[in-house]
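**Student:** Supplied structure: input10.csv, CSV, C-alpha atoms.
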chain,number,residue,atom,x,y,z
A,30,ALA,CA,56.8,40.2,33.0
A,31,ASP,CA,59.7,39.2,30.8
A,32,ASP,CA,58.8,37.3,27.7
A,33,GLY,CA,62.5,36.5,27.1
A,34,SER,CA,63.3,39.7,25.2
A,35,GLY,CA,63.7,42.0,28.2
A,36,GLY,CA,67.4,41.3,29.0
A,37,ASP,CA,68.4,44.9,28.2
A,38,ILE,CA,65.8,46.5,30.6
A,39,SER,CA,67.5,47.4,33.9
A,40,ILE,CA,64.8,49.4,35.7
A,41,PRO,CA,61.9,47.8,37.5
A,42,SER,CA,59.2,47.3,34.9
A,43,PHE,CA,56.5,44.9,33.8
A,44,LEU,CA,54.1,44.7,30.8
A,45,MET,CA,50.3,45.0,31.0
A,46,PHE,CA,47.4,45.1,28.6
A,47,LYS,CA,46.7,48.5,27.1
A,48,THR,CA,43.0,48.5,28.3
A,49,ASP,CA,44.2,48.1,31.9
A,50,ALA,CA,47.0,50.7,31.5
A,51,ASP,CA,44.6,53.3,30.1
A,52,GLN,CA,42.4,53.0,33.2
A,53,ILE,CA,45.4,53.6,35.5
A,54,LYS,CA,46.6,56.5,33.4
A,55,ALA,CA,43.2,58.1,33.5
A,56,GLU,CA,43.2,57.9,37.3
A,57,VAL,CA,46.7,59.4,37.5
A,58,ARG,CA,45.7,62.3,35.2
A,59,ALA,CA,42.7,63.0,37.5
A,60,ASN,CA,45.2,63.4,40.4
A,61,HIS,CA,43.8,60.3,42.2
A,62,MET,CA,45.9,58.0,44.2
A,63,VAL,CA,46.6,54.7,42.4
A,64,GLN,CA,47.6,51.5,44.1
A,65,VAL,CA,48.4,48.5,41.9
A,66,GLU,CA,48.9,45.0,43.3
A,67,MET,CA,51.0,42.4,41.3
A,68,GLN,CA,50.1,38.7,41.9
A,69,TRP,CA,51.6,35.6,40.4
A,70,ALA,CA,49.1,32.8,40.2
A,71,LEU,CA,48.2,30.0,37.8
A,72,PRO,CA,44.7,29.9,36.3
A,73,GLN,CA,42.6,27.3,38.1
A,74,PRO,CA,39.7,26.6,35.7
A,75,ASP,CA,38.7,23.0,36.6
A,76,ASP,CA,39.8,19.6,38.0
A,77,ARG,CA,42.1,18.9,35.0
A,78,VAL,CA,45.3,20.7,34.3
A,79,GLU,CA,46.8,21.1,30.8
A,80,TYR,CA,50.6,21.4,30.5
A,81,ASP,CA,52.9,21.7,27.6
A,82,LEU,CA,56.6,21.3,26.9
A,83,TRP,CA,58.4,23.2,24.1
A,84,THR,CA,61.8,21.8,23.3
A,85,THR,CA,63.8,20.1,20.5
A,86,PRO,CA,65.4,16.6,20.3
A,87,SER,CA,68.9,18.3,20.6
A,88,ASP,CA,68.1,20.5,23.6
A,89,PRO,CA,70.5,19.5,26.4
A,90,VAL,CA,68.6,21.3,29.2
A,91,SER,CA,65.4,19.3,28.9
A,92,LYS,CA,66.8,15.9,28.5
A,93,GLU,CA,67.0,15.1,32.2
A,94,PHE,CA,63.4,16.2,32.6
A,95,GLN,CA,62.2,14.1,29.7
A,96,LYS,CA,64.0,11.0,31.1
A,97,ASN,CA,62.4,11.3,34.5
A,98,PHE,CA,58.9,12.8,34.2
A,99,LYS,CA,57.2,9.6,32.9
A,100,SER,CA,56.4,8.4,36.5
A,101,VAL,CA,54.8,11.7,37.4
A,102,SER,CA,52.8,11.8,34.2
A,103,GLN,CA,51.4,8.3,35.0
A,104,ALA,CA,50.8,9.2,38.6
A,105,LEU,CA,48.7,12.2,37.6
A,106,GLY,CA,46.8,10.0,35.2
A,107,ASP,CA,43.8,11.5,33.4
A,108,ARG,CA,43.8,14.4,35.8
A,109,ALA,CA,46.5,16.1,33.7
A,110,TYR,CA,46.8,16.4,29.9
A,111,PHE,CA,50.3,16.7,28.4
A,112,THR,CA,51.2,18.0,25.0
A,113,PRO,CA,54.8,17.9,23.7
A,114,HIS,CA,55.8,20.5,21.1
A,115,MET,CA,58.9,20.6,18.9
A,116,TYR,CA,60.4,24.0,18.1
A,117,VAL,CA,61.1,24.3,14.4
A,118,TYR,CA,62.4,27.4,12.6
A,119,ASP,CA,60.4,28.8,9.7
A,120,GLY,CA,62.9,28.5,6.9
A,121,VAL,CA,60.9,30.7,4.5
A,122,LYS,CA,61.0,33.7,7.0
A,123,SER,CA,64.6,33.0,7.7
A,124,ASN,CA,65.5,33.2,4.0
A,125,CYS,CA,66.6,29.6,3.9
A,126,GLN,CA,64.4,29.0,0.8
A,127,GLY,CA,65.4,30.9,-2.3
A,128,LEU,CA,63.1,32.5,-4.8
A,129,ASP,CA,63.4,29.5,-7.0
A,130,GLY,CA,62.5,27.1,-4.1
A,131,GLU,CA,66.1,26.0,-3.5
A,132,ASN,CA,67.5,25.3,0.0
A,133,MET,CA,69.9,28.1,0.8
A,134,CYS,CA,70.9,26.8,4.3
A,135,PHE,CA,72.7,23.6,3.4
A,136,ASN,CA,71.8,20.7,5.8
A,137,LEU,CA,70.1,22.9,8.4
A,138,CYS,CA,66.7,22.5,6.7
A,139,THR,CA,64.3,20.0,5.1
A,140,ASN,CA,61.7,20.4,2.4
A,141,ASN,CA,63.9,22.7,0.3
A,142,GLY,CA,64.6,25.1,3.1
A,143,ARG,CA,61.0,25.3,4.6
A,144,TYR,CA,61.7,23.7,8.1
A,145,CYS,CA,65.0,24.3,9.9
A,146,ALA,CA,66.8,23.7,13.1
A,147,THR,CA,70.2,24.8,14.5
A,148,ASP,CA,73.2,22.5,14.2
A,149,PRO,CA,73.7,21.0,17.7
A,150,ASP,CA,77.5,20.6,17.3
A,151,ASN,CA,78.1,23.8,15.2
A,152,ASP,CA,79.8,21.7,12.5
A,153,LEU,CA,78.0,21.6,9.1
A,154,ASP,CA,80.3,18.9,7.8
A,155,HIS,CA,80.2,16.4,10.6
A,156,GLY,CA,77.9,15.1,13.4
A,157,ILE,CA,74.2,15.9,13.8
A,158,SER,CA,72.7,18.3,11.3
A,159,GLY,CA,69.8,20.7,11.6
A,160,ALA,CA,67.9,18.5,9.1
A,161,ASP,CA,68.4,15.5,11.4
A,162,VAL,CA,66.9,17.4,14.3
A,163,VAL,CA,63.8,18.4,12.2
A,164,LYS,CA,63.4,14.8,11.1
A,165,GLU,CA,63.5,13.5,14.8
A,166,SER,CA,61.1,16.3,15.8
A,167,LEU,CA,58.5,15.2,13.2
A,168,ARG,CA,59.0,11.6,14.3
A,169,ARG,CA,58.2,12.5,18.0
A,170,ILE,CA,55.2,14.5,16.9
A,171,CYS,CA,53.9,11.4,15.0
A,172,ILE,CA,54.6,9.2,18.0
A,173,TRP,CA,52.6,11.5,20.2
A,174,LYS,CA,49.7,11.6,17.7
A,175,HIS,CA,49.4,7.8,17.8
A,176,TYR,CA,50.5,7.0,21.3
A,177,GLY,CA,49.7,9.9,23.5
A,178,GLU,CA,47.2,12.4,22.1
A,179,GLN,CA,44.1,10.4,23.0
A,180,ASP,CA,44.8,10.0,26.8
A,181,GLY,CA,47.3,13.0,27.3
A,182,ILE,CA,49.6,10.7,29.3
A,183,GLY,CA,51.6,9.1,26.5
A,184,LYS,CA,53.5,6.3,28.2
A,185,GLU,CA,55.1,5.1,24.9
A,186,TRP,CA,56.1,8.7,24.0
A,187,TRP,CA,58.0,9.1,27.3
A,188,ASP,CA,59.5,5.6,26.9
A,189,TYR,CA,60.7,6.4,23.4
A,190,THR,CA,62.2,9.8,24.4
A,191,SER,CA,64.0,8.3,27.3
A,192,GLU,CA,65.3,5.3,25.3
A,193,PHE,CA,66.4,7.5,22.5
A,194,ILE,CA,68.4,9.7,24.8
A,195,GLU,CA,70.1,6.7,26.3
A,196,ARG,CA,70.8,4.8,23.0
A,197,CYS,CA,70.9,7.2,20.1
A,198,ASP,CA,71.6,10.7,21.4
A,199,ASN,CA,75.2,11.1,20.0
A,200,PRO,CA,76.7,12.1,16.6
A,201,ASP,CA,77.1,8.5,15.5
A,202,TYR,CA,73.6,7.2,16.1
A,203,PHE,CA,71.3,10.2,16.2
A,204,ALA,CA,70.2,9.8,12.5
A,205,ASN,CA,70.8,6.0,12.4
A,206,ASP,CA,67.7,4.2,11.3
A,207,ASP,CA,68.8,0.9,13.0
A,208,CYS,CA,69.2,2.7,16.3
A,209,VAL,CA,65.7,4.2,16.0
A,210,LYS,CA,64.2,0.8,15.2
A,211,ASP,CA,65.9,-0.5,18.4
A,212,VAL,CA,64.3,2.3,20.4
A,213,TYR,CA,60.9,1.4,18.8
A,214,LYS,CA,61.4,-2.1,20.0
A,215,HIS,CA,62.2,-1.1,23.6
A,216,SER,CA,59.4,1.4,23.9
A,217,GLY,CA,56.6,-0.7,22.3
A,218,ILE,CA,56.1,1.4,19.2
A,219,LYS,CA,55.3,0.2,15.7
A,220,GLY,CA,57.7,1.8,13.3
A,221,ASP,CA,55.5,1.4,10.2
A,222,ILE,CA,52.7,3.5,11.9
A,223,VAL,CA,55.2,6.3,12.6
A,224,ASP,CA,56.7,6.1,9.1
A,225,ARG,CA,53.3,6.3,7.5
A,226,CYS,CA,52.4,9.3,9.7
A,227,ILE,CA,55.5,11.1,8.5
A,228,ARG,CA,54.6,10.5,4.9
A,229,ASP,CA,50.9,11.4,5.3
A,230,SER,CA,51.8,14.7,6.9
A,231,GLY,CA,53.8,15.8,3.9
A,232,GLY,CA,57.1,14.1,4.4
A,233,LEU,CA,60.5,15.9,4.6
A,234,ASP,CA,61.5,15.8,0.9
A,235,GLN,CA,61.1,18.2,-2.0
A,236,ASP,CA,59.3,21.5,-1.7
A,237,ASN,CA,56.3,20.2,0.1
A,238,THR,CA,54.5,21.6,3.1
A,239,ASN,CA,54.2,19.4,6.2
A,240,THR,CA,51.0,19.7,8.0
A,241,PHE,CA,52.3,18.9,11.5
A,242,LEU,CA,55.4,21.1,11.2
A,243,GLU,CA,53.2,24.0,10.0
A,244,LEU,CA,51.0,23.6,13.0
A,245,GLU,CA,54.0,23.6,15.3
A,246,MET,CA,55.3,26.9,13.8
A,247,SER,CA,51.9,28.5,14.1
A,248,ALA,CA,51.5,27.4,17.7
A,249,GLN,CA,54.9,28.7,18.7
A,250,VAL,CA,54.1,32.1,17.3
A,251,LYS,CA,50.7,32.2,18.9
A,252,ARG,CA,52.0,31.1,22.3
A,253,GLY,CA,55.0,33.5,22.1
A,254,VAL,CA,57.7,30.9,22.7
A,255,VAL,CA,61.2,32.5,22.6
A,256,ILE,CA,63.1,30.5,25.2
A,257,LEU,CA,63.9,26.8,25.0
A,258,PRO,CA,63.0,24.7,26.9
A,259,THR,CA,59.7,26.2,28.2
A,260,ALA,CA,57.0,24.5,30.1
A,261,PHE,CA,53.4,25.9,30.2
A,262,VAL,CA,50.8,25.0,32.9
A,263,ASN,CA,47.3,26.1,32.1
A,264,THR,CA,48.8,28.4,29.3
A,265,VAL,CA,51.1,30.1,31.8
A,266,ALA,CA,54.9,29.9,31.1
A,267,LEU,CA,57.0,28.6,33.9
A,268,ARG,CA,60.2,30.6,34.4
A,269,GLY,CA,63.4,29.3,36.0
A,270,GLY,CA,65.0,25.9,35.9
A,271,LEU,CA,63.1,23.0,34.3
A,272,SER,CA,63.0,20.1,36.8
A,273,VAL,CA,60.5,17.3,37.6
A,274,ASP,CA,59.5,18.6,41.0
A,275,THR,CA,59.0,22.3,40.0
A,276,VAL,CA,56.7,21.3,37.1
A,277,PHE,CA,54.9,18.8,39.3
A,278,THR,CA,54.3,21.6,41.9
A,279,ALA,CA,53.1,24.0,39.3
A,280,ILE,CA,50.6,21.4,38.0
A,281,CYS,CA,49.3,20.7,41.5
A,282,ASN,CA,48.8,24.5,42.0
A,283,GLY,CA,46.8,24.6,38.7
A,284,TYR,CA,43.8,22.6,40.0
A,285,LEU,CA,40.6,24.2,41.1
A,286,GLU,CA,40.8,24.4,44.9
A,287,GLY,CA,39.6,21.2,46.5
A,288,THR,CA,40.0,19.1,43.3
A,289,GLU,CA,43.7,18.2,43.5
A,290,PRO,CA,44.4,14.5,42.9
A,291,SER,CA,45.7,12.5,45.9
A,292,ILE,CA,49.2,12.4,44.5
A,293,CYS,CA,49.5,16.2,44.9
A,294,LYS,CA,48.5,16.1,48.5
A,295,GLN,CA,50.9,13.2,49.2
A,296,CYS,CA,54.0,14.3,47.4
A,297,ASP,CA,53.9,18.1,46.8
A,298,GLY,CA,56.7,19.4,49.1
A,299,CYS,CA,58.0,16.0,50.0
A,300,SER,CA,61.7,15.9,50.6
A,301,ASP,CA,62.1,12.4,49.0
A,302,PHE,CA,60.1,13.3,45.9
A,303,GLU,CA,61.0,10.5,43.5
A,304,THR,CA,60.3,7.8,46.1
A,305,CYS,CA,57.0,9.4,47.0
A,306,ILE,CA,55.9,9.4,43.4
A,307,GLN,CA,56.7,5.7,43.0
A,308,LYS,CA,55.2,4.5,46.4
A,309,LYS,CA,52.5,7.3,46.5
A,310,LYS,CA,53.6,7.9,50.1
A,311,CYS,CA,55.9,10.6,51.6
A,312,ASN,CA,58.3,9.5,54.2
A,313,GLY,CA,59.3,13.0,55.3
A,314,ARG,CA,58.7,16.6,54.4
A,315,GLY,CA,61.1,19.5,54.3
A,316,GLY,CA,64.8,19.6,53.6
A,317,GLY,CA,65.7,17.4,56.6
A,318,GLY,CA,63.5,14.6,55.6
A,319,VAL,CA,62.3,13.7,59.2
A,320,SER,CA,58.8,13.1,60.4
A,321,MET,CA,57.0,15.6,62.7
A,322,HIS,CA,56.9,13.0,65.5
A,323,THR,CA,60.7,12.6,65.3
A,324,PHE,CA,61.2,16.3,65.1
A,325,MET,CA,59.1,17.1,68.1
A,326,GLY,CA,60.6,14.3,70.2
A,327,SER,CA,64.1,15.6,69.4
A,328,ILE,CA,63.0,19.1,70.5
A,329,LEU,CA,61.7,17.9,73.8
A,330,LEU,CA,64.8,15.8,74.5
A,331,ILE,CA,67.1,18.8,73.8
A,332,ALA,CA,64.9,21.0,76.0
A,333,ALA,CA,65.1,18.5,78.8
A,334,LEU,CA,68.9,18.2,78.5
A,335,PHE,CA,69.3,22.0,78.6
A,336,GLY,CA,66.9,22.3,81.5
A,337,GLY,CA,68.8,19.6,83.5
A,338,ALA,CA,72.1,21.3,82.7
A,339,ALA,CA,70.8,24.7,83.8
A,340,PHE,CA,69.5,23.3,87.1
A,341,TRP,CA,72.8,21.6,87.8
A,342,HIS,CA,74.7,24.8,87.1
A,343,TYR,CA,72.4,26.8,89.4
A,344,ARG,CA,72.8,24.3,92.3
A,345,LYS,CA,76.6,24.2,91.8
A,346,THR,CA,76.9,28.0,91.6
A,347,ARG,CA,74.9,28.4,94.8
A,348,GLU,CA,77.0,25.9,96.7
A,349,ASP,CA,80.2,27.6,95.5
A,350,MET,CA,79.0,31.0,96.6
A,351,ARG,CA,78.1,29.6,100.0
A,352,ASP,CA,81.6,28.1,100.4
A,353,GLN,CA,83.1,31.5,99.5
A,354,VAL,CA,81.0,33.4,102.0
A,355,ARG,CA,81.9,30.9,104.8
A,356,GLY,CA,85.6,31.3,103.9
A,357,ILE,CA,85.4,35.1,104.0
A,358,LEU,CA,83.5,35.2,107.3
A,359,ALA,CA,86.0,32.7,108.9
A,360,GLU,CA,88.8,35.2,108.5
A,361,TYR,CA,87.2,37.8,110.8
A,362,MET,CA,87.8,38.0,114.5
A,363,PRO,CA,85.0,36.8,116.8
A,364,LEU,CA,82.5,39.5,117.6
A,365,GLU,CA,80.6,40.2,120.9
A,366,GLY,CA,76.9,40.2,120.7
A,367,ASP,CA,74.4,42.4,122.8
A,368,ASP,CA,74.1,39.6,125.3
A,369,GLY,CA,77.8,39.5,125.9
A,370,HIS,CA,78.2,36.3,124.0
A,371,ILE,CA,81.3,36.1,121.9
A,372,GLY,CA,80.1,34.7,118.7
A,373,SER,CA,81.8,33.8,115.5
A,374,PRO,CA,80.7,34.8,112.0
A,375,MET,CA,80.8,31.1,111.2
A,376,ASP,CA,77.7,30.7,113.4
A,377,PHE,CA,75.9,32.7,110.7
A,378,ALA,CA,77.2,30.5,107.9
A,379,ARG,CA,76.4,27.3,109.7
A,380,LYS,CA,72.8,28.4,110.2
A,381,GLY,CA,72.5,28.8,106.5
A,382,GLY,CA,72.3,32.7,106.5
A,383,THR,CA,68.9,32.8,108.3
A,384,GLU,CA,70.1,35.4,110.8
A,385,SER,CA,71.3,38.9,110.0
A,386,LEU,CA,74.8,40.0,110.8
A,387,MET,CA,73.6,43.5,111.3
A,388,THR,CA,72.0,44.6,114.6
Take the structure in the file and write it out as structure tokens.

**Tutor:**
Amino acid sequence: ADDGSGGDISIPSFLMFKTDADQIKAEVRANHMVQVEMQWALPQPDDRVEYDLWTTPSDPVSKEFQKNFKSVSQALGDRAYFTPHMYVYDGVKSNCQGLDGENMCFNLCTNNGRYCATDPDNDLDHGISGADVVKESLRRICIWKHYGEQDGIGKEWWDYTSEFIERCDNPDYFANDDCVKDVYKHSGIKGDIVDRCIRDSGGLDQDNTNTFLELEMSAQVKRGVVILPTAFVNTVALRGGLSVDTVFTAICNGYLEGTEPSICKQCDGCSDFETCIQKKKCNGRGGGGVSMHTFMGSILLIAALFGGAAFWHYRKTREDMRDQVRGILAEYMPLEGDDGHIGSPMDFARKGGTESLMT
């Protein structure tokens, strides 16, 4: 199992808990045969799935997912509980805060170097700064606290994220307060509630600790997040590409057997996934997107056509062979039979080969 730090390991290997490993080693030392089976499966504790997304406002990989997952989140309803997490670097551990409390990492950090983020455009003098990313991260945490934490769906949070990506996600408007207010307006969020949340949590100025950012840093260490973006379903990290349909499939696999919501049964594996989510009905499954009725009808039609062609070929081949035999026999001289009758080999051909030429 690769936690993101195993890129330099080239032999087949995986990690396991020491208590399990000790039992296996004991059996090996006792010269007993040991057989170990590896299984990948999501925990299925109950009829509600918990899923998380770890990302940052500047992460380019997760933007498409954040723009399009709202409809899935609403379709799952209260049968799935979502929690967004913002990845923030610990500036104190990264030596971005000096011994005198001074910010040593320029505009990558807030709170005198306590909370930091990487510069998205790698230009400390222009564009979006790391401090801008930290500020937007805290804003999204506060939006979730007031508009999503209670129901685990967070329609306004998804709306805000999608609108921000469309309107403000560029160097000119990322940190523009007027652009953020416009996004508030289009997503139905009250800016004064969010601003008060930011202040009450500790703010982003001076050498103050921020409650929400501290909680995020503790959670990312506890969860072992080392790759961004990372989605978790029932505490299990999903590896591979982050897409709407893969996360949806993982969520549907996380329910206790027999408790899956109807949207999972209707749309999991559907070829036209987005339409299925919107209409709650799948018009076709598999890569071809055709119904089973159409598929079976096509198979029967093709089989009938091939069968007809084979029968026609058989009849034509038989007629051609008969004509060839008649032509060959016609070249021979008439033969005299036992009764003195002078017969012709053509007599045999005319009778359809029912009599033998041999006596």

**Student:** Which neighbours of stretch 114-131 of chain A fall inside 8 Å, counting all atoms listed in the file, when residues of the same chain fewer than 4 positions from it are skipped, and could you give them as a PDB file with C-alpha atoms, in the coordinates of the input?

**Tutor:**
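Once everything was written out, this is selection-v9.pdb:
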ATOM      1  CA  ASP A  81      52.900  21.700  27.600  1.00  0.00           C
ATOM      2  CA  LEU A  82      56.600  21.300  26.900  1.00  0.00           C
ATOM      3  CA  TRP A  83      58.400  23.200  24.100  1.00  0.00           C
ATOM      4  CA  THR A  84      61.800  21.800  23.300  1.00  0.00           C
ATOM      5  CA  THR A  85      63.800  20.100  20.500  1.00  0.00           C
ATOM      6  CA  PRO A  86      65.400  16.600  20.300  1.00  0.00           C
ATOM      7  CA  CYS A 138      66.700  22.500   6.700  1.00  0.00           C
ATOM      8  CA  ASN A 141      63.900  22.700   0.300  1.00  0.00           C
ATOM      9  CA  GLY A 142      64.600  25.100   3.100  1.00  0.00           C
ATOM     10  CA  ARG A 143      61.000  25.300   4.600  1.00  0.00           C
ATOM     11  CA  TYR A 144      61.700  23.700   8.100  1.00  0.00           C
ATOM     12  CA  CYS A 145      65.000  24.300   9.900  1.00  0.00           C
ATOM     13  CA  ALA A 146      66.800  23.700  13.100  1.00  0.00           C
ATOM     14  CA  VAL A 163      63.800  18.400  12.200  1.00  0.00           C
ATOM     15  CA  SER A 166      61.100  16.300  15.800  1.00  0.00           C
ATOM     16  CA  LEU A 167      58.500  15.200  13.200  1.00  0.00           C
ATOM     17  CA  ILE A 170      55.200  14.500  16.900  1.00  0.00           C
ATOM     18  CA  ASP A 236      59.300  21.500  -1.700  1.00  0.00           C
ATOM     19  CA  LEU A 242      55.400  21.100  11.200  1.00  0.00           C
ATOM     20  CA  GLU A 245      54.000  23.600  15.300  1.00  0.00           C
ATOM     21  CA  MET A 246      55.300  26.900  13.800  1.00  0.00           C
ATOM     22  CA  GLN A 249      54.900  28.700  18.700  1.00  0.00           C
TER      23      GLN A 249
END

**Student:** Show me, as an mmCIF file with C-alpha atoms, keeping the file's coordinate frame, the residues that have an atom within 10 Å of A:Ala204 when counting all atoms listed in the file, minus same-chain residues fewer than 5 positions from it.

**Tutor:**
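Below is the file that was written, selection-v3.cif:
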data_model
loop_
_atom_site.group_PDB
_atom_site.id
_atom_site.type_symbol
_atom_site.label_atom_id
_atom_site.label_comp_id
_atom_site.auth_asym_id
_atom_site.auth_seq_id
_atom_site.Cartn_x
_atom_site.Cartn_y
_atom_site.Cartn_z
ATOM 1 C CA GLY A 156 77.900 15.100 13.400
ATOM 2 C CA ILE A 157 74.200 15.900 13.800
ATOM 3 C CA SER A 158 72.700 18.300 11.300
ATOM 4 C CA ALA A 160 67.900 18.500 9.100
ATOM 5 C CA ASP A 161 68.400 15.500 11.400
ATOM 6 C CA VAL A 162 66.900 17.400 14.300
ATOM 7 C CA LYS A 164 63.400 14.800 11.100
ATOM 8 C CA GLU A 165 63.500 13.500 14.800
ATOM 9 C CA CYS A 197 70.900 7.200 20.100
ATOM 10 C CA ASP A 198 71.600 10.700 21.400
ATOM 11 C CA ASN A 199 75.200 11.100 20.000
ATOM 12 C CA VAL A 209 65.700 4.200 16.000
#

**Student:** Between A:Tyr284, A:Phe302, A:Trp187, A:Phe241, which one has atoms that come closest to A:Gln103, using only C-alpha atoms?

**Tutor:** A:Trp187

**Student:** Rank nothing, just name the residue among A:Pro149, A:Pro113, A:Gly159, A:Gly220 nearest to A:Trp173, using only C-alpha atoms.

**Tutor:**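 For A:Trp173, the nearest of the given residues is A:Pro113.
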
**Student:** What is the atom CA of A:Asp206-atom CA of A:Ile182 distance in Å, reported with one decimal?

**Tutor:**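 Taking atom CA of A:Asp206 as the start and atom CA of A:Ile182 as the end point, the length is 26.3 Å.
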
**Student:** For atom CA of A:Cys311 and atom CA of A:Ser191, determine how far apart the two atoms are, in Å to one decimal place.

**Tutor:**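 Atom CA of A:Ser191 lies 25.7 Å from atom CA of A:Cys311.
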
**Student:** What gap, in Å, lies between atom CA of A:Leu105 and atom CA of A:Ile218?

**Tutor:**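 Between atom CA of A:Leu105 and atom CA of A:Ile218 the gap is 22.6 Å.
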
**Student:** Can you pull out every residue within 9 Å of A:Asn140, counting all atoms listed in the file, but drop anything in the same chain fewer than 4 positions away, and send it as a list of chain:residue names?

**Tutor:**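 These residues fall inside the cut-off: A:Asn132, A:Tyr144, A:Gly232, A:Leu233, A:Asp234, A:Gln235, A:Asp236, A:Asn237, A:Thr238, A:Asn239.
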